[in-house]
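Trainee: One file: structure.txt (compact mmCIF, C-alpha atoms).
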```txt
# COMPACT_ATOMS: atom_id res chain seq x y z
CA MET A 1 -10.35 111.66 235.98
CA GLN A 2 -7.67 109.66 237.75
CA ILE A 3 -5.70 111.19 240.65
CA GLU A 4 -2.57 109.47 242.02
CA ASP A 5 -3.64 106.04 243.33
CA TYR A 6 -7.38 106.70 243.02
CA PRO A 7 -8.68 105.05 239.81
CA CYS A 8 -11.35 106.57 237.60
CA THR A 9 -14.43 104.39 237.99
CA VAL A 10 -16.08 105.27 234.66
CA GLY A 11 -15.15 104.67 231.04
CA THR A 12 -16.37 103.67 227.59
CA GLU A 13 -15.77 100.14 226.35
CA ARG A 14 -14.91 101.28 222.84
CA PHE A 15 -11.92 103.26 224.16
CA ARG A 16 -10.80 100.69 226.70
CA ALA A 17 -7.36 99.19 226.01
CA PRO A 18 -7.56 95.40 225.46
CA GLU A 19 -5.14 94.61 228.29
CA LEU A 20 -7.47 96.18 230.88
CA HIS A 21 -9.87 93.72 232.55
CA GLY A 22 -12.53 93.90 235.23
CA ASN A 23 -14.31 96.94 236.64
CA TYR A 24 -12.95 100.38 235.89
CA GLY A 25 -12.42 101.03 239.58
CA GLY A 26 -10.06 98.05 239.83
CA PHE A 27 -7.09 99.35 237.84
CA LEU A 28 -5.04 102.47 237.19
CA ARG A 29 -4.75 103.72 233.63
CA THR A 30 -1.41 104.75 232.11
CA CYS A 31 -0.31 107.03 229.27
CA SER A 32 -0.21 103.94 227.06
CA HIS A 33 -3.89 103.25 227.77
CA ASP A 34 -4.70 106.87 226.92
CA ALA A 35 -2.74 106.53 223.68
CA TYR A 36 -4.94 103.57 222.72
CA ALA A 37 -8.13 105.54 223.44
CA LEU A 38 -6.80 108.53 221.49
CA SER A 39 -5.97 106.31 218.51
CA VAL A 40 -9.52 104.92 218.47
CA LEU A 41 -10.91 108.46 218.59
CA LEU A 42 -8.62 109.67 215.79
CA PHE A 43 -9.49 106.67 213.63
CA MET A 44 -13.22 107.32 214.10
CA THR A 45 -12.74 111.01 213.29
CA LEU A 46 -10.90 110.20 210.05
CA THR A 47 -13.39 107.55 208.91
CA LEU A 48 -16.63 109.45 209.62
CA GLY A 49 -17.39 107.59 212.86
CA LEU A 50 -16.38 104.09 211.79
CA SER A 51 -15.04 101.92 214.63
CA PRO A 52 -11.54 100.56 213.85
CA PHE A 53 -12.59 96.96 214.57
CA SER A 54 -15.92 96.94 212.72
CA ARG A 55 -15.89 94.57 209.78
CA GLN A 56 -17.83 93.75 206.65
CA GLY A 57 -21.06 91.91 207.34
CA GLY A 58 -21.11 93.00 210.98
CA GLU A 59 -20.58 89.48 212.28
CA GLY A 60 -19.03 89.06 215.70
CA ASP A 61 -18.52 91.36 218.63
CA MET A 62 -16.29 94.39 218.03
CA ARG A 63 -15.01 94.16 221.59
CA GLU A 64 -13.89 90.59 220.90
CA SER A 65 -12.18 91.73 217.69
CA ALA A 66 -10.42 94.46 219.65
CA ARG A 67 -9.31 91.93 222.27
CA LYS A 68 -7.81 89.72 219.54
CA GLY A 69 -6.35 92.64 217.58
CA GLU A 70 -8.18 91.71 214.38
CA LEU A 71 -7.90 95.04 212.62
CA PRO A 72 -9.39 94.80 209.09
CA TYR A 73 -6.84 97.29 207.70
CA ALA A 74 -3.29 96.49 206.60
CA PHE A 75 -0.26 98.48 207.75
CA ALA A 76 3.51 97.87 207.67
CA SER A 77 3.97 94.08 207.94
CA TYR A 78 0.48 93.45 209.38
CA LYS A 79 -2.17 91.87 207.18
CA PRO A 80 -5.79 91.30 208.30
CA PRO A 81 -6.80 87.68 208.98
CA ALA A 82 -8.40 85.83 206.09
CA GLY A 83 -12.06 86.68 205.59
CA ILE A 84 -11.94 89.94 207.56
CA TYR A 85 -12.66 93.02 205.44
CA PRO A 86 -13.56 96.66 206.26
CA PRO A 87 -17.28 97.51 206.22
CA ASP A 88 -18.66 98.82 202.94
CA THR A 89 -18.98 102.50 203.89
CA PRO A 90 -17.38 105.68 202.47
CA GLY A 91 -15.10 105.95 205.49
CA ARG A 92 -13.25 102.73 204.72
CA HIS A 93 -11.38 104.37 201.82
CA VAL A 94 -9.69 106.92 204.08
CA TRP A 95 -7.19 104.40 205.50
CA SER A 96 -5.50 103.80 202.15
CA TYR A 97 -5.04 107.57 201.70
CA LEU A 98 -3.18 108.07 204.99
CA PRO A 99 0.62 108.50 204.93
CA ARG A 100 2.56 105.34 205.74
CA LYS A 101 3.86 106.67 209.07
CA LEU A 102 0.37 107.64 210.24
CA ARG A 103 -1.09 104.25 209.24
CA TYR A 104 1.68 102.50 211.17
CA ALA A 105 1.27 104.69 214.26
CA LEU A 106 -2.49 104.14 214.51
CA GLY A 107 -2.33 100.45 213.57
CA HIS A 108 0.49 99.78 216.04
CA ASN A 109 -1.34 101.51 218.89
CA LEU A 110 -4.48 99.46 218.24
CA THR A 111 -2.85 96.02 217.91
CA CYS A 112 0.61 95.97 219.51
CA VAL A 113 -0.49 94.32 222.78
CA GLN A 114 -2.52 91.62 221.04
CA ARG A 115 0.37 90.87 218.65
CA ARG A 116 2.81 90.83 221.59
CA ASP A 117 4.83 93.63 220.03
CA LEU A 118 7.07 94.93 222.82
CA ARG A 119 7.53 98.35 221.26
CA PRO A 120 5.57 100.95 223.30
CA ARG A 121 2.54 102.69 221.88
CA VAL A 122 3.12 105.89 219.95
CA MET A 123 2.47 108.96 222.11
CA PRO A 124 0.27 111.97 221.16
CA GLY A 125 3.22 114.21 220.22
CA TYR A 126 4.30 111.91 217.40
CA LEU A 127 0.70 111.42 216.27
CA ALA A 128 0.30 115.21 216.11
CA ARG A 129 3.41 115.52 213.90
CA CYS A 130 2.07 112.80 211.57
CA PHE A 131 -1.26 114.61 211.28
CA HIS A 132 0.40 117.97 210.57
CA GLN A 133 2.36 116.34 207.75
CA TYR A 134 -0.86 114.78 206.45
CA LEU A 135 -2.50 118.23 206.35
CA ARG A 136 0.50 119.77 204.59
CA ASP A 137 0.35 117.03 201.95
CA MET A 138 -3.29 117.85 201.22
CA GLU A 139 -2.69 121.59 200.78
CA PRO A 140 -2.45 123.02 197.26
CA GLY A 141 1.19 122.89 196.20
CA GLY A 142 1.95 120.30 198.87
CA ARG A 143 4.53 117.54 198.68
CA ARG A 144 2.25 115.35 196.58
CA ASP A 145 -1.11 115.49 194.80
CA HIS A 146 -3.34 113.91 197.36
CA PRO A 147 -5.66 111.19 196.00
CA MET A 148 -8.52 112.41 198.17
CA TYR A 149 -8.79 115.47 195.93
CA ARG A 150 -8.93 113.31 192.82
CA ASP A 151 -11.67 111.08 194.24
CA LEU A 152 -13.82 113.59 196.13
CA LEU A 153 -13.31 116.85 194.27
CA HIS A 154 -12.40 116.70 190.61
CA ASP A 155 -10.86 113.33 189.73
CA ARG A 156 -7.70 115.24 188.95
CA SER A 157 -4.73 116.74 190.75
CA CYS A 158 -5.17 119.08 193.70
CA PRO A 159 -6.76 122.30 192.31
CA PRO A 160 -4.74 125.54 192.36
CA ARG A 161 -5.29 127.93 195.24
CA SER A 162 -7.07 130.45 193.00
CA LEU A 163 -9.74 127.84 192.17
CA LEU A 164 -9.85 126.47 195.72
CA GLU A 165 -10.77 129.93 197.07
CA LYS A 166 -13.79 130.06 194.73
CA MET A 167 -15.07 126.64 195.79
CA THR A 168 -17.95 126.27 198.20
CA PRO A 169 -17.71 123.81 201.11
CA ASN A 170 -20.66 121.43 201.23
CA ILE A 171 -21.72 118.21 202.95
CA CYS A 172 -22.92 115.44 200.68
CA THR A 173 -26.52 114.54 201.50
CA ASP A 174 -25.92 110.89 200.55
CA CYS A 175 -22.65 109.88 202.22
CA GLY A 176 -22.18 112.79 204.65
CA ILE A 177 -18.62 113.59 203.58
CA LEU A 178 -17.32 117.17 203.42
CA PHE A 179 -16.38 118.25 199.89
CA ARG A 180 -15.93 121.42 197.85
CA GLU A 181 -17.70 122.53 194.68
CA ALA A 182 -16.52 124.96 192.04
CA PRO A 183 -19.19 127.20 190.42
CA ASP A 184 -19.10 125.03 187.28
CA ASP A 185 -19.70 121.93 189.40
CA VAL A 186 -22.79 123.50 191.01
CA ALA A 187 -24.23 124.44 187.60
CA ARG A 188 -23.55 120.95 186.25
CA ARG A 189 -25.19 119.32 189.29
CA LEU A 190 -28.31 121.47 188.93
CA ARG A 191 -28.54 120.62 185.22
CA GLN A 192 -28.58 116.96 186.25
CA SER A 193 -31.57 117.68 188.56
CA HIS A 194 -29.58 117.25 191.78
CA ALA A 195 -30.83 120.15 193.89
CA ARG A 196 -29.14 119.03 197.11
CA PRO A 197 -25.33 118.95 197.51
CA LEU A 198 -23.83 115.69 196.25
CA CYS A 199 -20.17 114.71 195.88
CA ARG A 200 -18.90 113.39 192.55
CA LEU A 201 -18.89 109.78 193.75
CA CYS A 202 -22.54 109.89 194.87
CA ILE A 203 -23.63 111.57 191.63
CA ARG A 204 -21.99 108.71 189.72
CA ARG A 205 -23.60 106.17 192.04
CA ARG A 206 -27.05 107.67 191.49
CA SER A 207 -26.52 107.78 187.74
CA ALA A 208 -25.51 104.12 187.72
CA LEU A 209 -28.58 103.17 189.76
CA ASN A 210 -30.86 105.13 187.43
CA GLN A 211 -29.27 103.49 184.42
CA SER A 212 -29.75 100.00 185.87
CA SER A 213 -33.39 100.73 186.71
CA ARG A 214 -34.03 101.84 183.13
CA ASN A 215 -32.39 98.67 181.78
CA PRO A 216 -33.47 95.85 184.10
CA THR A 217 -31.99 92.41 183.59
CA ILE A 218 -34.57 89.73 183.04
CA ASN A 219 -33.68 86.20 184.13
CA HIS A 220 -35.54 83.32 182.49
```
Please express what this file holds, its structure, as structure tokens.
Mentor:
Amino acid sequence: MQIEDYPCTVGTERFRAPELHGNYGGFLRTCSHDAYALSVLLFMTLTLGLSPFSRQGGEGDMRESARKGELPYAFASYKPPAGIYPPDTPGRHVWSYLPRKLRYALGHNLTCVQRRDLRPRVMPGYLARCFHQYLRDMEPGGRRDHPMYRDLLHDRSCPPRSLLEKMTPNICTDCGILFREAPDDVARRLRQSHARPLCRLCIRRRSALNQSSRNPTINH
């Protein structure tokens, strides 16, 4: 903790704002620096632990990418540099599902200093309001049918509350994402010899892999 003019001498590099240099005991942190750290933490929470500056292939140092502001996710008028793509993990899809205001708030907080954007970082109060709106959108009967339900639950619109109450929360044993299963989904999964909980996407992925193994391509 930091008290008046006495700096905190410990920290974690992943949450360190790019404008801070040297030893932790050599500078005082501000609310803006805390907003950067909070944005990194929120991003990682949303994307199942994925660092905001990790990229496909894993080349390069993430700290260097953070210093340059090379975020591999587009928002507002920002586009990632050529050749920089998100890593191929389930968490990378979450960004495109976020509301526009939330994408902008997180993206701005992570890259504004590197892009020399003079607008201050978004503070926690505004981030909290964006997240509350995001949760309301995902509720049954919300402002819009959230695509996460279509992709992770049923490939259709958000289910009605009566069905949602009958669904069982599970964690996919393949990708680790939290999803819900209706009784019919559980019976269908067991008929397909999937004893452990699997989301719809991972069941499709396994089926595709099994199909390709049964029909191997022979190159002459």
Trainee: Can you tell me, as a JSON list (two decimals) with C-alpha atoms, keeping the file's coordinate frame, what residues are no more than 9 Å from stretch 39-55 of chain A when counting only C-alpha atoms, ignoring any on the same chain fewer than 6 positions away?
Mentor:
```json
[["chain", "number", "residue", "atom", "x", "y", "z"],
["A", 14, "ARG", "CA", -14.91, 101.28, 222.84],
["A", 15, "PHE", "CA", -11.92, 103.26, 224.16],
["A", 61, "ASP", "CA", -18.52, 91.36, 218.63],
["A", 62, "MET", "CA", -16.29, 94.39, 218.03],
["A", 63, "ARG", "CA", -15.01, 94.16, 221.59],
["A", 65, "SER", "CA", -12.18, 91.73, 217.69],
["A", 66, "ALA", "CA", -10.42, 94.46, 219.65],
["A", 69, "GLY", "CA", -6.35, 92.64, 217.58],
["A", 70, "GLU", "CA", -8.18, 91.71, 214.38],
["A", 71, "LEU", "CA", -7.90, 95.04, 212.62],
["A", 72, "PRO", "CA", -9.39, 94.80, 209.09],
["A", 73, "TYR", "CA", -6.84, 97.29, 207.70],
["A", 84, "ILE", "CA", -11.94, 89.94, 207.56],
["A", 85, "TYR", "CA", -12.66, 93.02, 205.44],
["A", 86, "PRO", "CA", -13.56, 96.66, 206.26],
["A", 87, "PRO", "CA", -17.28, 97.51, 206.22],
["A", 88, "ASP", "CA", -18.66, 98.82, 202.94],
["A", 89, "THR", "CA", -18.98, 102.50, 203.89],
["A", 90, "PRO", "CA", -17.38, 105.68, 202.47],
["A", 91, "GLY", "CA", -15.10, 105.95, 205.49],
["A", 92, "ARG", "CA", -13.25, 102.73, 204.72],
["A", 93, "HIS", "CA", -11.38, 104.37, 201.82],
["A", 94, "VAL", "CA", -9.69, 106.92, 204.08],
["A", 95, "TRP", "CA", -7.19, 104.40, 205.50],
["A", 105, "ALA", "CA", 1.27, 104.69, 214.26],
["A", 106, "LEU", "CA", -2.49, 104.14, 214.51],
["A", 107, "GLY", "CA", -2.33, 100.45, 213.57],
["A", 109, "ASN", "CA", -1.34, 101.51, 218.89],
["A", 110, "LEU", "CA", -4.48, 99.46, 218.24],
["A", 124, "PRO", "CA", 0.27, 111.97, 221.16],
["A", 127, "LEU", "CA", 0.70, 111.42, 216.27],
["A", 176, "GLY", "CA", -22.18, 112.79, 204.65],
["A", 177, "ILE", "CA", -18.62, 113.59, 203.58]]
```
Trainee: Closest to A:Leu98 among A:Tyr36, A:Tyr6, A:Tyr24, A:Tyr134, using only C-alpha atoms?
Mentor: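 Smallest separation from A:Leu98 among the options: A:Tyr134.
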Trainee: Counting all atoms listed in the file, which residue out of A:Gln56, A:Thr30, A:Ser96, A:Thr111 sits closest to A:Pro18?
Mentor: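 Ranked by minimum distance to A:Pro18, first place goes to A:Thr111.
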Trainee: Which value, in Å to one decimal, gives the distance between atom CA of A:Pro120 and atom CA of A:Leu38?
Mentor: 14.6 Å
Trainee: So how far away is atom CA of A:Arg100 from atom CA of A:Arg16, in Å?
Mentor: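 Atom CA of A:Arg100 lies 25.3 Å from atom CA of A:Arg16.
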Trainee: Counting all atoms listed in the file, figure out which residue out of A:Cys202, A:Ala208, A:Met138, A:Ala128 gets nearest to A:Lys101.
Mentor: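 Residue with the minimum atom-to-atom distance to A:Lys101: A:Ala128.
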Trainee: Between A:Ala182, A:Gln2, A:Ala187, A:His108, which one has atoms that come closest to A:Met123, using all atoms listed in the file?
Mentor: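 Smallest distance to A:Met123 is found for A:His108.
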Trainee: Which residues come within 9 Å of A:Glu181, counting only C-alpha atoms, excluding same-chain residues fewer than 4 positions away, as a PyMOL selection string?
Mentor: chain A and resi 153-154+164+166-170+185-186+197+199
Trainee: Between A:Arg161, A:Arg129, A:Arg115, A:Arg206, which is the closest to A:His194 once you count all atoms listed in the file?
Mentor: A:Arg206
Trainee: Restricting the calculation to all atoms listed in the file, which member of A:Arg191, A:Cys130, A:Ile203, A:His33 is positioned closest to A:Val113?
Mentor: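 Comparing A:Arg191, A:Cys130, A:Ile203, A:His33 against A:Val113, the winner is A:His33.
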